[in-house]
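Visitor: My structure file upload30.cif, mmCIF, C-alpha atoms, is below:
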data_structure
loop_
_atom_site.label_atom_id
_atom_site.label_comp_id
_atom_site.auth_asym_id
_atom_site.auth_seq_id
_atom_site.Cartn_x
_atom_site.Cartn_y
_atom_site.Cartn_z
CA MET L 251 102.96 116.15 131.27
CA GLY L 252 104.99 115.66 134.45
CA VAL L 253 108.62 114.65 134.40
CA ARG L 254 110.66 115.08 131.23
CA TYR L 255 113.16 112.30 130.70
CA GLU L 256 116.39 113.03 128.89
CA TYR L 257 116.61 109.58 127.35
CA THR L 258 113.45 107.97 126.07
CA VAL L 259 115.16 104.69 125.26
CA GLU L 260 118.29 103.19 126.75
CA THR L 261 119.63 99.71 126.19
CA GLU L 262 122.43 98.09 128.17
CA ASP L 263 124.33 95.14 126.73
CA LEU L 264 121.09 94.02 125.06
CA ALA L 265 121.23 90.52 123.61
CA LYS L 266 118.76 88.06 122.11
CA TYR L 267 119.77 84.53 121.19
CA TYR L 268 117.62 82.02 119.36
CA LYS L 269 118.26 78.29 119.53
CA MET L 270 118.07 76.75 116.07
CA GLY L 271 118.52 73.05 116.63
CA THR L 272 122.06 72.56 117.94
CA PHE L 273 123.48 76.02 117.29
CA THR L 274 122.56 79.45 118.60
CA VAL L 275 121.71 82.46 116.44
CA LYS L 276 122.77 85.73 118.01
CA ALA L 277 120.10 88.09 116.65
CA LEU L 278 121.34 90.83 118.99
CA ASP L 279 124.66 90.67 120.76
CA GLY L 280 125.48 93.41 123.23
CA VAL L 281 123.74 96.53 121.91
CA ASN L 282 124.21 99.76 123.88
CA LEU L 283 121.97 102.53 122.68
CA LYS L 284 120.68 105.85 123.98
CA ILE L 285 117.91 107.75 122.26
CA ARG L 286 117.09 111.27 123.41
CA ARG L 287 113.60 112.67 123.69
CA GLY L 288 112.61 114.32 120.40
CA GLU L 289 115.25 112.56 118.33
CA TYR L 290 114.68 111.04 114.90
CA VAL L 291 116.88 107.97 114.63
CA SER L 292 117.19 105.57 111.71
CA ILE L 293 118.45 102.06 112.14
CA MET L 294 120.06 100.72 108.98
CA GLY L 295 121.21 97.25 108.23
CA PRO L 296 120.74 94.32 105.87
CA SER L 297 117.96 91.83 106.60
CA GLY L 298 118.99 89.52 109.40
CA SER L 299 121.08 92.24 111.03
CA GLY L 300 118.79 92.31 114.05
CA LYS L 301 116.72 95.45 113.30
CA THR L 302 113.36 93.88 113.88
CA THR L 303 114.60 92.02 116.97
CA LEU L 304 115.84 95.33 118.39
CA PHE L 305 112.44 96.87 117.67
CA ASN L 306 110.62 94.04 119.38
CA MET L 307 112.80 94.49 122.48
CA ILE L 308 112.34 98.27 122.63
CA GLY L 309 108.61 97.89 121.99
CA GLY L 310 108.09 95.43 124.83
CA LEU L 311 106.97 92.68 122.45
CA ASP L 312 109.76 90.22 123.26
CA ARG L 313 112.06 89.59 126.20
CA PRO L 314 115.85 89.83 125.92
CA THR L 315 118.18 86.91 126.66
CA ARG L 316 120.54 89.29 128.40
CA GLY L 317 120.79 93.00 129.15
CA LYS L 318 118.25 95.71 129.84
CA VAL L 319 115.87 98.04 128.06
CA TYR L 320 114.77 101.25 129.72
CA ILE L 321 111.80 103.25 128.46
CA ASP L 322 111.62 106.62 130.22
CA GLU L 323 114.09 105.23 132.75
CA VAL L 324 112.06 102.15 133.68
CA ASP L 325 113.54 98.69 133.07
CA ILE L 326 110.81 97.05 131.01
CA SER L 327 112.25 93.53 131.28
CA LYS L 328 110.91 93.53 134.86
CA LEU L 329 107.31 94.23 133.81
CA ASP L 330 104.64 91.51 133.86
CA ALA L 331 102.12 90.84 131.06
CA TYR L 332 99.60 93.39 132.34
CA GLU L 333 102.22 96.11 132.74
CA LEU L 334 103.65 95.36 129.30
CA ALA L 335 100.19 95.74 127.75
CA TRP L 336 99.88 99.10 129.47
CA LEU L 337 103.34 100.09 128.22
CA ARG L 338 102.42 99.15 124.64
CA ALA L 339 99.20 101.15 124.85
CA ARG L 340 100.60 104.28 126.47
CA LYS L 341 104.33 104.55 125.88
CA ILE L 342 104.90 103.00 122.45
CA GLY L 343 103.40 103.76 119.06
CA TYR L 344 103.94 101.17 116.36
CA ILE L 345 104.01 101.70 112.62
CA PHE L 346 104.36 98.59 110.46
CA GLN L 347 105.55 97.86 106.97
CA THR L 348 102.16 96.32 106.14
CA PHE L 349 100.12 99.07 107.90
CA ASN L 350 98.24 96.50 110.03
CA LEU L 351 94.99 98.39 110.40
CA ILE L 352 92.04 96.44 111.79
CA PRO L 353 90.06 95.71 108.59
CA VAL L 354 86.57 95.81 110.13
CA LEU L 355 87.05 99.24 111.72
CA THR L 356 86.89 102.66 110.08
CA ALA L 357 89.88 105.02 110.06
CA LEU L 358 88.40 106.87 113.03
CA GLU L 359 87.77 103.64 114.97
CA ASN L 360 91.29 102.40 114.22
CA VAL L 361 92.77 105.57 115.69
CA MET L 362 90.44 105.31 118.69
CA LEU L 363 91.42 101.71 119.48
CA PRO L 364 94.61 102.41 121.52
CA MET L 365 92.65 105.04 123.45
CA ILE L 366 90.02 102.43 124.35
CA PHE L 367 92.74 100.27 125.90
CA ALA L 368 94.10 103.34 127.67
CA GLY L 369 90.67 104.08 129.16
CA VAL L 370 90.16 107.49 127.50
CA PRO L 371 86.48 108.62 127.70
CA ARG L 372 84.46 108.26 124.49
CA GLU L 373 83.99 111.97 123.67
CA GLU L 374 87.68 112.62 124.17
CA ARG L 375 88.57 109.60 121.98
CA ILE L 376 86.46 110.90 119.11
CA ARG L 377 87.83 114.45 119.43
CA LYS L 378 91.46 113.31 119.58
CA ALA L 379 91.10 110.79 116.74
CA LYS L 380 89.53 113.44 114.48
CA TYR L 381 92.30 115.86 115.34
CA LEU L 382 95.00 113.30 114.58
CA LEU L 383 93.43 112.26 111.28
CA GLU L 384 93.32 115.90 110.26
CA LEU L 385 96.94 116.27 111.33
CA VAL L 386 97.98 113.49 108.94
CA GLY L 387 95.83 114.94 106.16
CA LEU L 388 92.90 112.51 106.25
CA GLY L 389 90.21 114.72 107.76
CA ASP L 390 87.85 113.84 104.90
CA ARG L 391 88.36 110.06 105.13
CA ILE L 392 87.53 109.36 108.76
CA ASN L 393 84.63 106.99 108.08
CA HIS L 394 86.39 104.91 105.42
CA LYS L 395 87.45 101.34 106.11
CA PRO L 396 91.05 100.30 105.33
CA ASN L 397 90.09 98.54 102.06
CA GLU L 398 88.64 101.84 100.82
CA LEU L 399 91.97 103.62 101.36
CA SER L 400 95.19 103.60 99.34
CA GLY L 401 98.43 102.27 100.82
CA GLY L 402 99.69 105.75 101.61
CA GLN L 403 96.39 106.69 103.24
CA GLN L 404 96.41 103.49 105.31
CA GLN L 405 99.90 104.30 106.54
CA ARG L 406 98.73 107.79 107.51
CA VAL L 407 95.93 106.24 109.57
CA ALA L 408 98.56 103.97 111.17
CA ILE L 409 100.66 107.03 112.02
CA ALA L 410 97.64 108.76 113.57
CA ARG L 411 96.92 105.57 115.52
CA ALA L 412 100.53 105.40 116.74
CA LEU L 413 100.21 108.94 118.13
CA ALA L 414 96.84 108.35 119.80
CA ASN L 415 98.10 108.13 123.39
CA ASP L 416 101.00 110.58 123.04
CA PRO L 417 103.60 107.80 123.30
CA ALA L 418 107.15 108.36 124.50
CA ILE L 419 108.40 106.83 121.29
CA VAL L 420 107.12 105.89 117.84
CA LEU L 421 108.68 102.75 116.36
CA ALA L 422 108.38 102.50 112.58
CA ASP L 423 109.55 99.21 111.07
CA GLU L 424 110.25 99.88 107.37
CA PRO L 425 107.24 102.18 107.02
CA THR L 426 107.88 102.93 103.34
CA ALA L 427 108.76 99.41 102.12
CA ASN L 428 105.27 98.73 100.71
CA LEU L 429 104.77 102.17 99.16
CA ASP L 430 105.82 103.67 95.84
CA LEU L 431 108.64 106.22 95.76
CA HIS L 432 106.43 109.30 95.83
CA THR L 433 104.07 108.08 98.56
CA GLY L 434 107.03 106.83 100.58
CA LEU L 435 108.53 110.30 100.45
CA ASP L 436 105.23 111.83 101.65
CA ILE L 437 105.22 109.47 104.63
CA ILE L 438 108.84 110.31 105.49
CA ASN L 439 108.11 114.02 105.31
CA LEU L 440 105.04 113.56 107.51
CA LEU L 441 107.08 111.69 110.13
CA ARG L 442 109.74 114.40 109.99
CA LYS L 443 107.11 117.12 110.37
CA LEU L 444 105.60 115.40 113.41
CA ASN L 445 109.08 115.03 114.86
CA ARG L 446 109.98 118.69 114.31
CA GLU L 447 106.67 120.33 115.16
CA LYS L 448 105.25 118.01 117.81
CA GLY L 449 108.51 116.77 119.30
CA VAL L 450 107.61 113.11 118.68
CA THR L 451 110.57 110.76 119.24
CA ILE L 452 110.84 108.47 116.21
CA VAL L 453 112.94 105.39 115.59
CA THR L 454 112.70 103.82 112.16
CA ALA L 455 114.23 100.68 110.73
CA THR L 456 114.87 101.02 107.03
CA HIS L 457 116.95 100.32 103.96
CA ASP L 458 115.39 103.39 102.38
CA LEU L 459 118.08 105.98 101.63
CA LYS L 460 115.48 108.80 101.51
CA MET L 461 114.98 108.16 105.20
CA ILE L 462 118.63 108.80 105.95
CA ASP L 463 118.52 112.46 104.89
CA VAL L 464 115.91 113.40 107.46
CA SER L 465 117.39 111.50 110.42
CA ASP L 466 119.25 113.12 113.29
CA ARG L 467 121.30 109.99 113.70
CA ILE L 468 121.85 106.79 111.76
CA ILE L 469 122.76 103.59 113.54
CA TYR L 470 124.24 100.85 111.37
CA LEU L 471 123.52 97.37 112.64
CA ARG L 472 125.36 94.28 111.45
CA ASP L 473 125.21 90.74 112.84
CA GLY L 474 123.41 91.92 115.96
CA LYS L 475 125.98 94.58 116.83
CA ILE L 476 126.22 98.31 116.27
CA GLU L 477 128.73 98.74 113.47
CA ARG L 478 128.86 102.53 113.47
CA VAL L 479 126.81 105.63 114.25
CA GLU L 480 126.55 108.69 111.99
CA SER L 481 125.17 112.04 113.01
CA MET W 226 101.46 100.64 141.02
CA SER W 227 104.75 102.43 140.61
CA LYS W 228 107.70 101.04 138.70
CA GLY W 229 110.82 103.16 138.76
CA THR W 230 109.77 106.65 137.85
CA TRP W 231 106.35 106.39 136.22
CA GLU W 232 102.99 105.04 137.20
CA ILE W 233 101.35 102.07 135.53
CA GLY W 234 97.62 102.52 135.14
CA GLU W 235 94.63 100.54 133.97
CA VAL W 236 94.23 98.64 130.72
CA SER W 237 90.57 98.57 129.72
CA PHE W 238 88.38 97.09 127.00
CA PRO W 239 84.68 97.72 127.71
CA LEU W 240 82.24 94.94 126.82
CA SER W 241 80.26 97.31 124.58
CA GLU W 242 83.35 97.88 122.40
CA ALA W 243 84.14 94.15 122.31
CA ILE W 244 80.57 93.33 121.23
CA LYS W 245 80.72 95.97 118.50
CA ILE W 246 83.99 94.61 117.11
CA SER W 247 82.74 90.98 117.31
CA ILE W 248 79.61 91.85 115.33
CA GLU W 249 81.71 93.71 112.74
CA ASN W 250 83.94 90.62 112.47
CA ILE W 251 80.89 88.44 111.80
CA LYS W 252 79.52 90.87 109.21
CA LYS W 253 82.90 90.95 107.46
CA ARG W 254 83.02 87.17 107.09
CA PHE W 255 79.27 86.67 106.90
CA THR W 256 79.23 83.68 104.56
CA ARG W 257 81.52 81.64 106.81
CA ALA W 258 79.62 82.72 109.91
CA LEU W 259 76.44 81.58 108.18
CA ILE W 260 77.93 78.18 107.34
CA THR W 261 79.10 77.77 110.94
CA ALA W 262 75.68 78.86 112.17
CA LEU W 263 74.07 76.38 109.74
CA SER W 264 75.76 73.45 111.45
CA VAL W 265 74.26 74.72 114.73
CA THR W 266 70.92 75.18 112.96
CA LEU W 267 70.86 71.53 111.85
CA GLY W 268 71.86 70.15 115.24
CA ILE W 269 69.32 72.29 117.09
CA ALA W 270 66.58 71.60 114.53
CA PHE W 271 67.09 67.87 115.10
CA MET W 272 66.89 68.39 118.87
CA VAL W 273 63.70 70.49 118.68
CA THR W 274 61.98 68.11 116.25
CA LEU W 275 62.78 65.09 118.35
CA LEU W 276 61.68 66.59 121.67
CA LEU W 277 58.55 68.20 120.26
CA MET W 278 57.44 65.06 118.44
CA ALA W 279 57.93 63.12 121.64
CA ALA W 280 55.77 65.68 123.48
CA ILE W 281 52.99 65.52 120.87
CA GLN W 282 53.01 61.72 120.87
CA GLU W 283 52.82 61.63 124.64
CA GLN W 284 49.83 63.98 124.49
CA GLN W 285 48.19 61.55 122.06
CA GLY W 286 48.74 58.79 124.56
CA LYS W 287 51.45 57.11 122.51
CA GLU W 288 54.99 56.36 123.55
CA GLY W 289 57.64 59.11 123.35
CA ALA W 290 60.86 58.89 121.37
CA ALA W 291 63.00 55.76 121.58
CA ALA W 292 66.10 55.92 123.78
CA TYR W 293 68.50 55.41 120.89
CA LEU W 294 67.19 58.64 119.31
CA TYR W 295 68.53 60.58 122.28
CA TRP W 296 71.91 59.01 121.70
CA LEU W 297 71.70 60.06 118.08
CA LEU W 298 70.85 63.59 119.23
CA PHE W 299 73.86 63.66 121.54
CA ILE W 300 76.21 62.47 118.79
CA SER W 301 74.84 64.98 116.27
CA LEU W 302 75.40 67.84 118.73
CA MET W 303 78.97 66.63 119.25
CA VAL W 304 79.58 66.59 115.50
CA CYS W 305 78.17 70.10 115.32
CA GLY W 306 80.58 71.21 118.09
CA VAL W 307 83.60 69.77 116.33
CA GLY W 308 82.54 71.64 113.18
CA ILE W 309 82.45 74.91 115.10
CA THR W 310 85.89 74.28 116.62
CA ASN W 311 87.31 73.64 113.18
CA SER W 312 85.75 76.74 111.70
CA MET W 313 86.94 78.96 114.58
CA LEU W 314 90.49 77.58 114.30
CA ILE W 315 90.49 78.73 110.68
CA ALA W 316 89.16 82.13 111.76
CA VAL W 317 92.05 82.43 114.25
CA ALA W 318 94.69 81.42 111.68
CA GLU W 319 93.29 83.99 109.27
CA ARG W 320 93.61 86.73 111.86
CA TYR W 321 97.10 86.07 113.26
CA LYS W 322 98.33 89.46 112.16
CA GLU W 323 95.24 91.21 113.50
CA ILE W 324 95.70 89.50 116.88
CA GLY W 325 99.35 90.62 116.92
CA THR W 326 98.24 94.16 116.12
CA TYR W 327 95.68 94.22 118.94
CA LYS W 328 98.43 93.14 121.31
CA THR W 329 100.81 95.88 120.20
CA LEU W 330 98.02 98.40 120.83
CA GLY W 331 97.64 97.24 124.43
CA ALA W 332 95.20 94.29 124.34
CA LEU W 333 95.55 91.70 127.10
CA ASP W 334 95.19 87.97 126.45
CA ARG W 335 91.71 88.01 127.97
CA HIS W 336 90.58 90.74 125.56
CA ILE W 337 91.43 88.51 122.59
CA LEU W 338 89.68 85.59 124.31
CA GLN W 339 86.64 87.81 124.84
CA LEU W 340 86.46 88.82 121.16
CA PHE W 341 86.38 85.23 119.88
CA LEU W 342 83.99 83.96 122.56
CA LEU W 343 81.53 86.80 121.92
CA GLU W 344 81.66 86.00 118.23
CA SER W 345 80.88 82.34 118.95
CA ILE W 346 77.95 83.24 121.22
CA VAL W 347 76.40 85.41 118.50
CA ILE W 348 76.88 82.66 115.90
CA GLY W 349 75.47 80.08 118.32
CA GLY W 350 72.46 82.29 119.07
CA LEU W 351 71.81 82.75 115.37
CA GLY W 352 72.01 78.99 114.75
CA GLY W 353 69.84 78.29 117.79
CA LEU W 354 67.09 80.62 116.63
CA THR W 355 66.96 79.30 113.06
CA GLY W 356 67.32 75.74 114.33
CA TYR W 357 64.35 76.22 116.64
CA ILE W 358 62.15 77.54 113.85
CA GLY W 359 63.26 74.77 111.49
CA GLY W 360 62.75 72.08 114.11
CA LEU W 361 59.31 73.38 115.04
CA ILE W 362 58.12 73.36 111.44
CA ALA W 363 59.55 69.89 110.85
CA ALA W 364 57.91 68.44 113.98
CA LEU W 365 54.48 69.95 113.21
CA ALA W 366 54.67 68.86 109.59
CA TYR W 367 55.58 65.33 110.62
CA ALA W 368 52.79 65.11 113.18
CA ALA W 369 50.21 66.58 110.79
CA ILE W 370 51.12 64.20 107.98
CA ASN W 371 51.11 61.29 110.39
CA ASP W 372 47.62 62.20 111.60
CA ALA W 373 46.28 62.70 108.10
CA VAL W 374 47.59 59.31 107.06
CA ASN W 375 46.13 57.70 110.16
CA ALA W 376 42.80 59.41 109.63
CA ALA W 377 42.63 58.20 106.02
CA PHE W 378 43.26 54.58 106.92
CA ILE W 379 41.68 54.16 110.29
CA ALA W 380 38.49 56.11 110.75
CA LEU W 381 38.02 57.81 114.12
CA SER W 382 41.50 56.78 115.22
CA SER W 383 42.37 60.17 116.70
CA PRO W 384 39.39 62.51 116.74
CA PHE W 385 40.94 64.84 119.31
CA SER W 386 44.42 65.10 117.82
CA GLY W 387 44.10 68.91 117.70
CA LEU W 388 44.19 68.88 121.47
CA ALA W 389 47.51 67.08 121.36
CA TYR W 390 49.04 70.02 119.48
CA LEU W 391 47.62 72.46 122.00
CA GLY W 392 48.96 70.34 124.82
CA ALA W 393 52.44 70.52 123.30
CA ILE W 394 52.50 74.34 123.35
CA PRO W 395 54.16 74.65 126.80
CA THR W 396 56.84 72.22 125.57
CA ALA W 397 57.36 74.33 122.46
CA PHE W 398 57.92 77.40 124.63
CA SER W 399 60.40 75.73 126.93
CA LEU W 400 62.12 74.25 123.87
CA PHE W 401 62.74 77.79 122.63
CA ILE W 402 64.75 78.59 125.77
CA LEU W 403 66.46 75.20 125.62
CA ALA W 404 67.38 75.59 121.93
CA LEU W 405 68.99 79.00 122.47
CA THR W 406 70.80 77.91 125.63
CA VAL W 407 72.15 74.69 124.13
CA ALA W 408 73.17 76.43 120.88
CA MET W 409 75.06 79.24 122.63
CA ALA W 410 76.65 76.93 125.20
CA LEU W 411 77.70 74.46 122.51
CA SER W 412 79.20 77.21 120.37
CA LEU W 413 80.96 78.72 123.38
CA ILE W 414 82.47 75.42 124.54
CA ALA W 415 83.54 74.54 120.99
CA THR W 416 85.34 77.90 120.69
CA LEU W 417 87.20 77.70 124.03
CA TYR W 418 90.26 76.03 122.55
CA PRO W 419 90.59 78.22 119.41
CA ALA W 420 90.03 81.39 121.48
CA TYR W 421 92.54 80.33 124.13
CA TYR W 422 95.06 79.53 121.41
CA ALA W 423 94.52 82.97 119.84
CA ALA W 424 94.84 84.75 123.19
CA ARG W 425 98.13 83.04 124.00
CA LEU W 426 99.78 83.90 120.66
CA ASN W 427 103.11 85.64 121.04
CA PRO W 428 102.74 89.06 119.37
CA VAL W 429 106.12 88.80 117.61
CA GLU W 430 105.20 85.51 115.96
CA ALA W 431 101.64 86.62 115.24
CA LEU W 432 102.91 89.73 113.44
CA ARG W 433 105.48 87.81 111.43
CA TYR W 434 102.83 85.49 110.04
CA GLU W 435 101.94 86.16 106.41
CA VAL W 436 98.52 85.04 105.19
#
Represent the structure contained in this file as structure tokens.
Guide:
Amino acid sequence: MGVRYEYTVETEDLAKYYKMGTFTVKALDGVNLKIRRGEYVSIMGPSGSGKTTLFNMIGGLDRPTRGKVYIDEVDISKLDAYELAWLRARKIGYIFQTFNLIPVLTALENVMLPMIFAGVPREERIRKAKYLLELVGLGDRINHKPNELSGGQQQRVAIARALANDPAIVLADEPTANLDLHTGLDIINLLRKLNREKGVTIVTATHDLKMIDVSDRIIYLRDGKIERVES
Amino acid sequence: MSKGTWEIGEVSFPLSEAIKISIENIKKRFTRALITALSVTLGIAFMVTLLLMAAIQEQQGKEGAAAYLYWLLFISLMVCGVGITNSMLIAVAERYKEIGTYKTLGALDRHILQLFLLESIVIGGLGGLTGYIGGLIAALAYAAINDAVNAAFIALSSPFSGLAYLGAIPTAFSLFILALTVAMALSLIATLYPAYYAARLNPVEALRYEV
């Protein structure tokens, strides 16, 4: 796989301000963060604390007002639209609260989609997607469309999709918020297993206390600043 | 190109994949696609009827269609185009979250543009085909009824009218090409703005949107 980077994510004095009429909302205000390869980090904080904004910055979806974000030691604020698209396809895997599968595609096709953007040959896409769906326990559901799957199954497809291009980091924004207690726990255990056995670096935003137990580190965010860090 | 320590490669989205997804999108929302296509059908049917009738009449040695009818045709095609724009804007609004998701997975703006434009071409083609068939039937029916009426009232008025239909066959063929071309071009042009709007959506805002 080439070079191994010690830190998958690094932020330096990261800030994002939004102008709301005459006053400025400081969604993020000077966040310094380092996430090691293979770590499982949870970001906790009430709504409006800046969790999602932080995710959008790390994921290359939004540009900071100030400061820097490094993914595998590259400053992504310097990338143009084309390079950001490549970064999102190859370096970042996203898992959403609402699963966000493409409704017209089957589970297999959903998992193959990021590999299409990454230019992976068709045979390899099919092989890898099947392997990943088996890994998340959906080997017998590969030709089902999202509306034929339960919430937990859809989230498993989303996890398989996030892993499709072996990203440097998987960002999971409240992945259990739309699932019942039991299913949520299954998803957390699956993420933990992938982290332990496959060395996938995972950052989750959550209020879910079950998530805390499995994390290597917990970062508490409040008013756009890091309040404290627990190991 | 190299940035810092790793290489940035290609982002791809083959046309075959885009076509497949566009067709799936149409199948998923088939009723709405059909209604959109129907507006194309009506516009194209009017065009084919008008031009074919004019051709048949000219073959019979009569005058072609009046100039104001061509204006009417132009206006009706415009109305049809505005209907398509409206319908595609709704389709975009419905799929905000999906567009945001495509972007997080690595889609470029032009890939989103491509998806919506392909969809509009398929819908336009569908409308063009049905519109051609509808227009052809309408024109022939009109001409046949007209002849029958004439024959009943004025004996021997048009003994060779069958030849007029035969003479219009080349026009009918070229109208087929014209109908498809106009329908697809109209649909494509009408979808430019909605597709451009969709492509330019900021992924953060697109993902936040709740339908």
Visitor: Identify all residues satisfying the PyMOL selection byres ((chain W) within 9 of (chain L)) in the given file; provide them as a ChimeraX atom specification.
Guide: /W:228-231,233-239,242,246,249-250,252-253,322-323,326-334,427-429,432
Visitor: Would you please work out which residue, of L:Asn397, L:Gln405, L:Gln347, L:Ser481, is nearest to Val361 (chain L) when using all atoms listed in the file?
Guide: L:Gln405
Visitor: Please return, as a PyMOL selection string, all polymer residues that have at least one atom within 8 Å of the point (123.4, 105.3, 122.7); use all atoms listed in the file and the file's own coordinate frame.
Guide: chain L and resi 260-261+282-285
Visitor: Go through the shown structure with the PyMOL selection byres ((chain L and resi 278) around 6) and write out the matching residues as a PyMOL selection string.
Guide: chain L and resi 265-266+276-277+279+300+474
Visitor: Pick out the residues sitting within 10 Å of Met278 (chain W), and hand them over as number ranges by chain; count only C-alpha atoms, and ignore anything fewer than 3 positions along from it in its own chain.
Guide: W: 273-275, 281-284, 289-290, 360-361, 363-365, 367-368, 390, 393
Visitor: Report as a PyMOL selection string the residues that result from applying the PyMOL selection byres ((chain L and resi 404) around 12) to the structure here.
Guide: chain L and resi 345-353+356-358+360-361+383+386-388+391-392+394-403+405-411+425-426+428-429+433+437
Visitor: Taking all atoms listed in the file into account, which of L:Met294, L:Arg286, L:Tyr267, L:Leu435 comes nearest Val479 (chain L)?
Guide: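 Answer, going by the shortest atom-to-atom distance: L:Met294.
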Visitor: For the atom pair CA of Met303 (chain W) and CA of Ala318 (chain W), what is the interatomic distance in Å to one decimal place?
Guide: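 Separation between CA of Met303 (chain W) and CA of Ala318 (chain W): 22.9 Å.
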Visitor: Report, as JSON, the centre and edge lengths in Å (one decimal) of the axis-aligned box enclosing every listed atom of region 395-405 of chain W, padded by 6 Å on each side.
Guide:
{"center_x": 61.6, "center_y": 75.6, "center_z": 124.4, "size_x": 26.8, "size_y": 18.8, "size_z": 17.0}
Visitor: Need the shell around region 445-458 of chain L: protein/DNA/RNA residues with any atom at most 8 Å away, counting all atoms listed in the file. Skip same-chain ones fewer than 2 positions apart. Format as a PyMOL selection string?
Guide: chain L and resi 258+286-296+301-302+418-427+441-443+460-462
Visitor: Separation of CA of Ser301 (chain W) and CA of Ile358 (chain W), in Å?
Guide: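 Straight-line distance from CA of Ser301 (chain W) to CA of Ile358 (chain W) works out to 18.0 Å.
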Visitor: Please provide the set of residues having any atom within 12 Å of Leu338 (chain W), restricted to all atoms listed in the file, with same-chain residues fewer than 2 positions apart removed, written as a PyMOL selection string.
Guide: chain W and resi 238+243+247+317+324+327-328+332-336+340-345+413+416-426
Visitor: When you count all atoms listed in the file, which of these residues is closest to Ile376 (chain L): L:Asp436, L:Asp466, L:Glu359, L:Asp390?
Guide: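 Among the listed residues, the smallest separation from Ile376 (chain L) belongs to L:Glu359.
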Visitor: Any idea what the distance is between CA of Gly349 (chain W) and CA of Val407 (chain W)?
Guide: 8.6 Å
Visitor: Pick the closest to Phe299 (chain W) from W:Asn311, W:Leu411, W:Leu240, W:Thr396: which is it, counting only C-alpha atoms?
Guide: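 Residue with the minimum atom-to-atom distance to Phe299 (chain W): W:Leu411.
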Visitor: Can you tell me which residues surround Ala258 (chain W) at a distance of at most 12 Å, considering only C-alpha atoms, apart from same-chain residues fewer than 6 positions away, and format the answer as a PyMOL selection string?
Guide: chain W and resi 247-252+264-266+308-309+312-313+315-316+344-352+412
Visitor: Counting all atoms listed in the file, figure out which residue out of W:Tyr295, W:Ala404, W:Leu267, W:Gln339 gets nearest to Ala279 (chain W).
Guide: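 Among the listed residues, the smallest separation from Ala279 (chain W) belongs to W:Tyr295.
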